There are 2 protein chains.
Amino acid sequence: MRHNYLDNTPINKAKEEYGKYLSSVSYTGKTEKIPSCESSGRILAGAVYASICSPHYNASAMDGIAVRAKDTYGASESNPVILGSEQYTVVDTGDPIPDGFDSVIMVEDVTEIGEGKVSILSACHPWQNIRQVGEDICMGDMIAPSYTKITPSLCGAFLAGGVLEVEVIKRPVVGIIPTGDEIVSPKENPEKGEIIEFNSAIFSSMLHEWGAETEIYDIVKDKKELLSSAVEKGVSRCDILLVLAGSSAGRDDYTSTVLSSLGQVLFHGIAVKPGKPAVLGAVGKVPVVGLPGYPVSAIVIMNEIVKDLVDMWYGREGDDAPKIKAVLGKRVVSSLKYQEYVRVTLGKVGDTLAAIPLGRGAGVITSFTKADGILAVPQNSEGFEAGEEVEISLLKDLSQINSSLIVTGSHDPLIDELSDMLKRKDPSFSLTSSHVGSMGAVTALKNGQAHLGCIHLLDTETGEYNESYVRKYFPDGGVKLVKGVGRVQGLMVKKGNPLGIESFADIVKGRYVNRQAGSGTRILCDYLIGKNGMNKVDIDGYRNEEFTHTAVAALISAGNADCGLGIYSAAKMYDLDFIEICIEEYDVLIDEKAYGTPQVQKFIEALKSEEFKERLSDMGGYKIG
Amino acid sequence: MRHNYLDNTPINKAKEEYGKYLSSVSYTGKTEKIPSCESSGRILAGAVYASICSPHYNASAMDGIAVRAKDTYGASESNPVILGSEQYTVVDTGDPIPDGFDSVIMVEDVTEIGEGKVSILSACHPWQNIRQVGEDICMGDMIAPSYTKITPSLCGAFLAGGVLEVEVIKRPVVGIIPTGDEIVSPKENPEKGEIIEFNSAIFSSMLHEWGAETEIYDIVKDKKELLSSAVEKGVSRCDILLVLAGSSAGRDDYTSTVLSSLGQVLFHGIAVKPGKPAVLGAVGKVPVVGLPGYPVSAIVIMNEIVKDLVDMWYGREGDDAPKIKAVLGKRVVSSLKYQEYVRVTLGKVGDTLAAIPLGRGAGVITSFTKADGILAVPQNSEGFEAGEEVEISLLKDLSQINSSLIVTGSHDPLIDELSDMLKRKDPSFSLTSSHVGSMGAVTALKNGQAHLGCIHLLDTETGEYNESYVRKYFPDGGVKLVKGVGRVQGLMVKKGNPLGIESFADIVKGRYVNRQAGSGTRILCDYLIGKNGMNKVDIDGYRNEEFTHTAVAALISAGNADCGLGIYSAAKMYDLDFIEICIEEYDVLIDEKAYGTPQVQKFIEALKSEEFKERLSDMGGYKIG
């Protein structure tokens with residue numbers, strides 16, 4: 001059980017010194033010649049000069065007749081000039097002007113008067129209606145300087161200027177070596193202990209966005225010799241090399257060892273969270289980065305370190321993500337030891353843009369898929385208080401964020417179904433949902449952090465749902481309650497109900513899995529405990545909390561627990577038995593100020609639609625109007 | 001000389017009705033299944049649900065030992081718990097938790113005490129340091145709704161959720177048919193009358209940016225039957241078809257005729273400038289657009305009409321270019337009959353963002369390559385006055401525009417060379433140059449529209465350059481004059497000097513090509529006319545004005561003129577003979593407020609550098625220091 005400790009180098013120091021080292025070993029972009037017509041989006045390696053004029057001959061700019069200007073002098077409405085057939089030639093747009101002619105009269109201004117003669121009513125001046133040589137581009141002119149990003153119109157200008165090939169910065173080839181004994185290529189039914197290798201797909205996509213090409217190598221087992229030969233092969237073929245996982249200091253972490261023997265390790269351990277166990281090194285002039293195995297950690301290192309390498313290759317300044325100010329919706333506590341990157345969702349409610357922190361687990365890739373932005377908490381800062389104005393780096397378009405409907409509260413898959421229905425009707429519709437439980441929804445609406453809140457709050461005194469809570473928490477109004485659906489709550493147990501659980505009181509027969517405090521299901525659980533005269537401490541697993549119905553179902557299905565409260569559709573999805581307990585009212589609380597907006601009205605329309613009823617009936621466990 | 005007239009349909013009417021028609025014939029995006037790992041950047045055609053949990057088994061989150069939490073209860077610093085070898089298993093991060101165990105203790109907290117036993121100092125709770133099944137994604141959860149744009153992290157989430165393939169909107173295939181008797185594929189030395197076909201490269205690049213694939217067909221000659229069969233073939237293979245040129249109503253314009261016989265012509269002639277002669281039609285459910293032959297006209301129709309077709313295919317709202325307010329630097333007069341699109345450069349001088357209109361010729365592709373933005377002048381508007389605040393659609397990044405060094409004034413290729421040198425040193429350096437002549441530079445600096453102005457202004461009374469102009473036009477200061485280079489001005493004539501031009505007075509022997517009023521070279525010309533006692537009306541071509549030295553050289557080389565004033569390097573480039581007239585002082589006028597900025601300092605540094613002297617010496621015709 002060997003374990004070494006990592007350094008904790010501040011991120012900016014690591015970035016700067018790594019860059020300096022790579023400059024010192026002449027790490028820089030290679031160039032290549034490519035056809036001009038395929039060059040859009042690329043970066044010019046050198047200035048481009050026109051090798052011909054455009055147009056390269058005097059061309060008619062109109063359909064009409066080419067004439068000598070002198071022959072037309074004096075023509076007017078009262079004194080037309082007649083030109084004989086030898087004095088003009090019919091030309092179409094783009095035709096060369098025959099020698100001796102120096103002007104074009106457009107067809108609308110020419111009257112044919114028979115015997116090949118034409119009459120004209122106004123004189124023309126030399127070079128009228130002629131695109132003279134070089135009108136657009138002159139031979140020898142610089143069409144674009146070095147390091148210009150080529151646009152579609154520049155592509156055209158190169159070709160117009162007779163430049164058929166241009167020298168551009170070659171796309172760097174980034175090799176990706178996934179490592180690990182448990183790692184397997186993506187598959188539909190992995191075995192226990194097989195971890196699906198999805199990191200290379202994420203990093204490869206990121207690299208393509210940054211203008212790099214990628215080569216993904218076979219998965220390498222945790223053997224030092226195998227990794228060593230894979231790295232040797234990689235650096236011989238690639239401009240940048242990434243080693244996925246094995247970058248920490250555990251039993252099977254060989255990246256650092258291998259790299260020090262083949263080349264240089266500059267840093268091992270960066271003061272960022274997540275992302276600490278990264279290795280920054282090089283073999284010759286090829287930078288080699290060891291990325292942490294957890295996807296969120298590795299994405300941080302990709303954004304902070306690997307993107308720099310691609311920018312340096314292209315000789316460009318990194319284009320930082322656009323930043324905006326937002327009000328932090330929840331306190332964020334962070335260690336003084338690291339610069340921490342916290343994923344947040346953003347929601348505009350009224351005039352306030354609120355940033356709500358997402359889960360901070362390094363293994364939770366969905367915290368990135370759901371994130372609208374990143375809050376960086378500097379090293380030596382303890383974090384931020386709720387209500388503080390903070391700066392967020394945007395991951396999505398601000399206009400989409402500003403128009404997004406913010407739905408929060410109790411988890412139910414039906415919210416995702418509504419979101420899908422709304423997007424199918426109007427792909428620009430954007431809905432951000434989060435699961436904070438029914439009481440979380442009440443708080444969010446009170447604090448102006450959501451437009452809609454989904455609640456199923458049982459008044460344990462009256463047995464009534466939701467309405468008494470609205471009266472209590474919104475005594476002065478400000479919200480509307482829209483009736484949603486009735487849904488069946490019950491106990492989920494393993495298929496065949498091996499422990500013979502018949503009623504809520506039977507949950508003590510096995511290990512329970514609970515929902516988080518503040519969720520409607522937790523309130524129901526506590527109500528049932530009281531009603532049945534039970535005691536919380538007798539319930540094994542009462543403190544084992546999950547945030548969604550599917551998570552509860554997944555744990556029962558996996559054998560981590562024997563029973564838990566949840567909705568029928570989750571039990572059905574996981575092929576669990578279901579003991580019905582009650583039907584609850586799952587309603588929607590709406591911020592009165594947002595009620596009239598098109599987004600909210602579309603949401604309500606979808607909620608009341610026939611299509612939605614059909615989707616619910618497919619899922620099962622709902623009672624609709 | 002057949003000529004029909006086109007309609008003049010307002011652009012918004014054409015867009016709306018074309019869209020409605022295409023909806024009515026069920027024009028819409030097709031879908032396809034692709035591997036999830038290659039799906040980043042694509043648009044989901046349907047919602048994606050996880051088919052497995054992630055993790056799909058209980059996995060250790062740490063390197064350490066797996067234990068039963070119950071076995072550790074009561075452990076503390078003063079009362080360590082000893083675990084025998086049967087009570088724990090060594091696990092690495094990602095390893096499955098063996099059956100019966102429910103907790104992991106990290107390696108740092110474990111002390112080996114021999115005989116396979118370990119000692120621990122604190123109790124653990126169930127599921128500590130274990131990534132439980134579904135921690136990230138639960139089977140059945142919707143990972144993303146329909147019409148989501150797939151991000152790199154979503155790619156990863158699909159694979160983590162066991163979804164190996166996803167259904168996305170297929171990229172539309174856009175066929176491009178170039179037409180025209182004179183049109184030839186790009187080549188290095190086209191003959192007279194051969195027009196290089198560069199439009200398909202521009203449009204293809206634009207379409208790729210919008211997410212379409214393209215098929216570029218062979219050039220079709222101006223024969224109705226040939227175009228007809230090309231269009232028939234195109235609509236059978238493509239989702240959208242573009243016919244380049246032949247969209248007007250001239251002798252050889254068959255697009256409209258062919259389209260009406262194979263399908264529908266909805267509009268022929270749109271009230272836009274440039275871009276009027278466009279044809280909007282369809283064959284079956286395939287939209288077919290006839291684009292005007294001039295590149296700038298066609299780019300307008302691409303942006304206004306064809307982009308809509310791609311957006312409609314994807315079911316997305318068009319993302320309009322970002323817009324900003326700018327102060328118009330020059331009056332723009334526009335016809336009431338059209339919506340006009342004027343290309344502008346943008347420059348931030350002091351606190352003002354100024355928009356300077358570029359050339360408006362439909363054939364001038366470089367007006368697009370140089371443009372920073374587009375000013376749309378609505379139909380029924382006569383245009384805008386200088387100084388008016390106008391709205392500009394951005395073509396470039398605003399931060400780049402804001403940091404760009406604005407150089408204007410007299411044309412000299414050395415400005416392009418400096419720009420290239422500066423970009424090679426720092427690729428993020430941005431320099432915008434325009435040729436408005438030396439007096440134009442004085443005006444631009446007075447009006448705060450440029451940081452630098454290049455001038456060579458001869459005081460015809462004293463023979464001195466530049467300084468007296470500065471005293472006259474900037475009596476209160478506000479500018480600095482930095483010495484630039486001496487350069488040789490002279491007469492350019494055909495190789496071998498066939499007309500025997502020996503001095504300026506000899507220019508009457510042939511056709512002259514002049515420079516625009518306000519240019520330093522024009523002032524020199526007028527000075528020499530006076531000095532030689534000549535008369536402007538005796539000079540054939542005095543009114544034939546060009547904006548650059550290379551343009552003058554190109555016209556002499558092409559035979560459009562016999563002589564013109566210009567600099568040696570232009571004559572050399574075009575292999576012309578050169579009769580030296582004088583050496584002038586080409587200096588740089590600098591806005592005092594901008595003088596201290598890094599951009600200006602870098603410019604001056606480059607101007608004084610050895611590398612610049614070498615470049616000038618390669619070009620020839622300059623006298624330095």
# chains A, B, ... in the order shown; residues from 1 in each chain; ligands from 1

call {"tool": "residues_around", "arguments": {"residues": "region 595-611 of chain B", "least_positions_apart": "5", "cutoff": "9 Å", "atoms": "only C-alpha atoms", "output": "ChimeraX atom specification"}}
result
/B:403-405,418-419,421-422,429-431,451-452,479-480,482,484-485,590,616

call {"tool": "residues_around", "arguments": {"residues": "Pro55 (chain B)", "least_positions_apart": "5", "cutoff": "8 Å", "atoms": "only C-alpha atoms", "output": "PyMOL selection string"}}
result
(chain A and resi 195) or (chain B and resi 131-137+160)

call {"tool": "residues_around", "arguments": {"residues": "Tyr88 (chain A)", "least_positions_apart": "4", "cutoff": "7 Å", "atoms": "only C-alpha atoms", "output": "PyMOL selection string"}}
result
chain A and resi 65-67

call {"tool": "atom_distance", "arguments": {"atom1": "CA of Ile301 (chain A)", "atom2": "CA of Glu16 (chain A)"}}
result
14.4 Å

call {"tool": "atom_distance", "arguments": {"atom1": "CA of Ala157 (chain B)", "atom2": "CA of Arg316 (chain B)"}}
result
23.7 Å

call {"tool": "atom_distance", "arguments": {"atom1": "CA of Glu340 (chain B)", "atom2": "CA of Ala376 (chain B)"}}
result
5.6 Å

call {"tool": "select_by_dssp", "arguments": {"residues": "region 100-198 of chain A", "states": "alpha helix (DSSP H)", "output": "JSON list (two decimals) with N, CA and C atoms, in the first residue's frame"}}
result
[["chain", "number", "residue", "atom", "x", "y", "z"],
["A", 152, "PRO", "N", -14.49, 32.62, -44.76],
["A", 152, "PRO", "CA", -14.94, 32.18, -46.08],
["A", 152, "PRO", "C", -14.60, 33.20, -47.18],
["A", 153, "SER", "N", -14.79, 34.50, -46.91],
["A", 153, "SER", "CA", -14.52, 35.46, -47.97],
["A", 153, "SER", "C", -13.02, 35.56, -48.28],
["A", 154, "LEU", "N", -12.17, 35.33, -47.28],
["A", 154, "LEU", "CA", -10.73, 35.30, -47.56],
["A", 154, "LEU", "C", -10.36, 34.14, -48.47],
["A", 155, "CYS", "N", -10.97, 32.97, -48.22],
["A", 155, "CYS", "CA", -10.82, 31.83, -49.13],
["A", 155, "CYS", "C", -11.04, 32.26, -50.56],
["A", 156, "GLY", "N", -12.15, 32.97, -50.77],
["A", 156, "GLY", "CA", -12.49, 33.45, -52.11],
["A", 156, "GLY", "C", -11.45, 34.44, -52.62],
["A", 157, "ALA", "N", -10.99, 35.34, -51.74],
["A", 157, "ALA", "CA", -10.00, 36.34, -52.16],
["A", 157, "ALA", "C", -8.68, 35.68, -52.55],
["A", 158, "PHE", "N", -8.28, 34.62, -51.84],
["A", 158, "PHE", "CA", -7.05, 33.92, -52.22],
["A", 158, "PHE", "C", -7.17, 33.39, -53.66],
["A", 159, "LEU", "N", -8.29, 32.72, -53.92],
["A", 159, "LEU", "CA", -8.48, 32.12, -55.25],
["A", 159, "LEU", "C", -8.57, 33.21, -56.31],
["A", 160, "ALA", "N", -9.30, 34.28, -55.99],
["A", 160, "ALA", "CA", -9.42, 35.39, -56.93],
["A", 160, "ALA", "C", -8.04, 35.98, -57.22]]

call {"tool": "select_by_dssp", "arguments": {"residues": "region 342-423 of chain A", "states": "strand (DSSP E)", "output": "VMD selection string"}}
result
chain A and resid 342 to 349 352 to 357 373 to 377 383 to 384 389 to 394 405 to 409

call {"tool": "write_last_selection", "arguments": {"atoms": "C-alpha atoms", "output": "compact mmCIF listing (two decimals), in the first residue's frame"}}
result
# COMPACT_ATOMS: atom_id res chain seq x y z
CA VAL A 342 -17.53 25.04 -8.84
CA ARG A 343 -20.07 24.23 -11.54
CA VAL A 344 -23.22 26.36 -11.32
CA THR A 345 -26.54 26.69 -13.07
CA LEU A 346 -27.62 30.21 -13.87
CA GLY A 347 -31.16 31.49 -13.87
CA LYS A 348 -32.62 34.90 -14.55
CA VAL A 349 -35.63 35.49 -12.32
CA THR A 352 -31.54 38.99 -10.94
CA LEU A 353 -29.21 36.44 -12.42
CA ALA A 354 -28.72 33.79 -9.76
CA ALA A 355 -25.92 31.22 -9.71
CA ILE A 356 -26.79 27.96 -7.98
CA PRO A 357 -23.86 25.63 -7.21
CA GLY A 373 -21.03 28.33 -15.88
CA ILE A 374 -18.05 27.94 -13.58
CA LEU A 375 -17.35 29.81 -10.37
CA ALA A 376 -13.64 29.90 -9.59
CA VAL A 377 -12.89 30.21 -5.87
CA GLY A 383 -15.44 30.78 -0.44
CA PHE A 384 -18.45 33.03 -0.88
CA GLU A 389 -22.09 38.93 -6.25
CA VAL A 390 -19.65 36.57 -7.93
CA GLU A 391 -18.03 36.31 -11.36
CA ILE A 392 -19.01 33.32 -13.46
CA SER A 393 -17.27 32.02 -16.59
CA LEU A 394 -20.04 31.15 -19.02
CA LEU A 405 -37.40 28.76 -17.51
CA ILE A 406 -36.10 27.85 -14.05
CA VAL A 407 -37.93 24.88 -12.53
CA THR A 408 -36.96 23.52 -9.17
CA GLY A 409 -38.32 21.44 -6.33

call {"tool": "decode", "arguments": {"residues": "region 405-525 of chain B", "atoms": "C-alpha atoms", "output": "CSV table (one decimal), in the first residue's frame"}}
result
chain,number,residue,atom,x,y,z
B,405,LEU,CA,-4.8,49.8,-34.1
B,406,ILE,CA,-6.5,52.0,-36.7
B,407,VAL,CA,-4.1,53.2,-39.4
B,408,THR,CA,-5.2,55.3,-42.3
B,409,GLY,CA,-3.9,57.6,-44.9
B,410,SER,CA,-1.6,57.3,-47.8
B,411,HIS,CA,-1.3,53.9,-49.4
B,412,ASP,CA,2.0,52.1,-49.2
B,413,PRO,CA,2.6,48.4,-49.1
B,414,LEU,CA,5.0,49.0,-46.2
B,415,ILE,CA,1.9,49.3,-43.9
B,416,ASP,CA,1.0,45.7,-44.8
B,417,GLU,CA,4.5,44.6,-44.1
B,418,LEU,CA,4.5,46.3,-40.7
B,419,SER,CA,1.2,44.6,-39.9
B,420,ASP,CA,2.6,41.3,-40.9
B,421,MET,CA,5.7,41.9,-38.7
B,422,LEU,CA,3.6,42.9,-35.7
B,423,LYS,CA,1.4,39.8,-36.1
B,424,ARG,CA,4.3,37.5,-36.4
B,425,LYS,CA,5.6,38.9,-33.1
B,426,ASP,CA,2.2,38.7,-31.4
B,427,PRO,CA,-0.6,37.0,-33.3
B,428,SER,CA,-3.2,38.7,-31.2
B,429,PHE,CA,-2.0,42.1,-32.6
B,430,SER,CA,-4.6,43.6,-34.8
B,431,LEU,CA,-4.2,46.5,-37.2
B,432,THR,CA,-6.9,47.9,-39.5
B,433,SER,CA,-5.6,49.9,-42.4
B,434,SER,CA,-7.5,51.9,-45.0
B,435,HIS,CA,-6.3,54.0,-47.9
B,436,VAL,CA,-7.9,57.5,-47.8
B,437,GLY,CA,-4.9,59.5,-48.9
B,438,SER,CA,-2.7,61.8,-46.9
B,439,MET,CA,-5.3,64.5,-46.5
B,440,GLY,CA,-7.8,61.8,-45.5
B,441,ALA,CA,-5.4,60.9,-42.7
B,442,VAL,CA,-5.4,64.5,-41.5
B,443,THR,CA,-9.2,64.6,-41.5
B,444,ALA,CA,-9.5,61.2,-39.8
B,445,LEU,CA,-7.1,62.2,-37.0
B,446,LYS,CA,-8.9,65.5,-36.5
B,447,ASN,CA,-12.2,63.7,-36.3
B,448,GLY,CA,-10.9,61.0,-33.9
B,449,GLN,CA,-11.4,58.2,-36.4
B,450,ALA,CA,-7.8,56.8,-36.5
B,451,HIS,CA,-4.8,56.4,-34.2
B,452,LEU,CA,-2.3,56.8,-36.9
B,453,GLY,CA,-2.2,58.5,-40.2
B,454,CYS,CA,0.4,58.0,-42.9
B,455,ILE,CA,1.2,61.2,-44.8
B,456,HIS,CA,3.5,62.5,-47.4
B,457,LEU,CA,2.3,66.1,-47.9
B,458,LEU,CA,4.4,68.4,-49.9
B,459,ASP,CA,4.3,72.0,-49.0
B,460,THR,CA,4.4,73.4,-52.6
B,461,GLU,CA,5.7,76.7,-51.3
B,462,THR,CA,8.6,75.5,-49.2
B,463,GLY,CA,9.3,72.1,-50.7
B,464,GLU,CA,9.1,70.8,-47.1
B,465,TYR,CA,7.1,67.7,-46.3
B,466,ASN,CA,4.3,67.2,-43.7
B,467,GLU,CA,5.4,69.6,-40.9
B,468,SER,CA,3.7,72.7,-42.3
B,469,TYR,CA,0.5,70.7,-42.7
B,470,VAL,CA,0.6,69.6,-39.0
B,471,ARG,CA,1.1,73.3,-38.0
B,472,LYS,CA,-1.8,74.4,-40.2
B,473,TYR,CA,-4.4,71.6,-39.3
B,474,PHE,CA,-3.4,71.0,-35.7
B,475,PRO,CA,-2.7,74.5,-34.4
B,476,ASP,CA,-3.5,73.4,-30.9
B,477,GLY,CA,-1.5,70.3,-31.1
B,478,GLY,CA,-3.0,66.9,-30.3
B,479,VAL,CA,-0.8,64.9,-32.7
B,480,LYS,CA,2.8,63.8,-32.9
B,481,LEU,CA,4.7,63.4,-36.1
B,482,VAL,CA,7.0,60.5,-36.2
B,483,LYS,CA,9.6,60.3,-39.1
B,484,GLY,CA,9.0,57.3,-41.3
B,485,VAL,CA,10.9,56.6,-44.5
B,486,GLY,CA,12.0,58.4,-47.6
B,487,ARG,CA,10.5,56.9,-50.7
B,488,VAL,CA,11.1,57.4,-54.3
B,489,GLN,CA,8.2,58.7,-56.4
B,490,GLY,CA,8.3,58.6,-60.1
B,491,LEU,CA,6.4,57.8,-63.3
B,492,MET,CA,5.5,54.3,-64.1
B,493,VAL,CA,5.4,53.4,-67.8
B,494,LYS,CA,5.3,50.2,-69.9
B,495,LYS,CA,8.4,48.2,-70.0
B,496,GLY,CA,10.8,49.6,-72.6
B,497,ASN,CA,9.1,53.0,-72.3
B,498,PRO,CA,7.5,52.9,-75.8
B,499,LEU,CA,6.2,56.5,-75.7
B,500,GLY,CA,9.6,57.8,-74.7
B,501,ILE,CA,8.4,59.5,-71.5
B,502,GLU,CA,11.4,61.2,-69.9
B,503,SER,CA,9.9,63.7,-67.5
B,504,PHE,CA,6.6,64.7,-65.9
B,505,ALA,CA,5.9,67.1,-68.8
B,506,ASP,CA,5.9,64.1,-71.2
B,507,ILE,CA,2.8,62.5,-69.6
B,508,VAL,CA,0.7,64.2,-72.3
B,509,LYS,CA,2.2,61.8,-74.8
B,510,GLY,CA,-0.1,59.1,-73.6
B,511,ARG,CA,-3.1,58.3,-71.4
B,512,TYR,CA,-2.5,59.1,-67.7
B,513,VAL,CA,-4.0,57.3,-64.7
B,514,ASN,CA,-4.4,59.6,-61.7
B,515,ARG,CA,-4.7,59.1,-57.9
B,516,GLN,CA,-7.7,60.2,-55.9
B,517,ALA,CA,-8.1,63.7,-54.7
B,518,GLY,CA,-6.6,64.2,-51.2
B,519,SER,CA,-3.8,61.7,-51.8
B,520,GLY,CA,-0.3,62.8,-51.4
B,521,THR,CA,0.5,61.6,-54.8
B,522,ARG,CA,-2.3,63.6,-56.3
B,523,ILE,CA,-1.0,66.7,-54.5
B,524,LEU,CA,2.4,66.0,-56.0
B,525,CYS,CA,0.8,65.5,-59.5
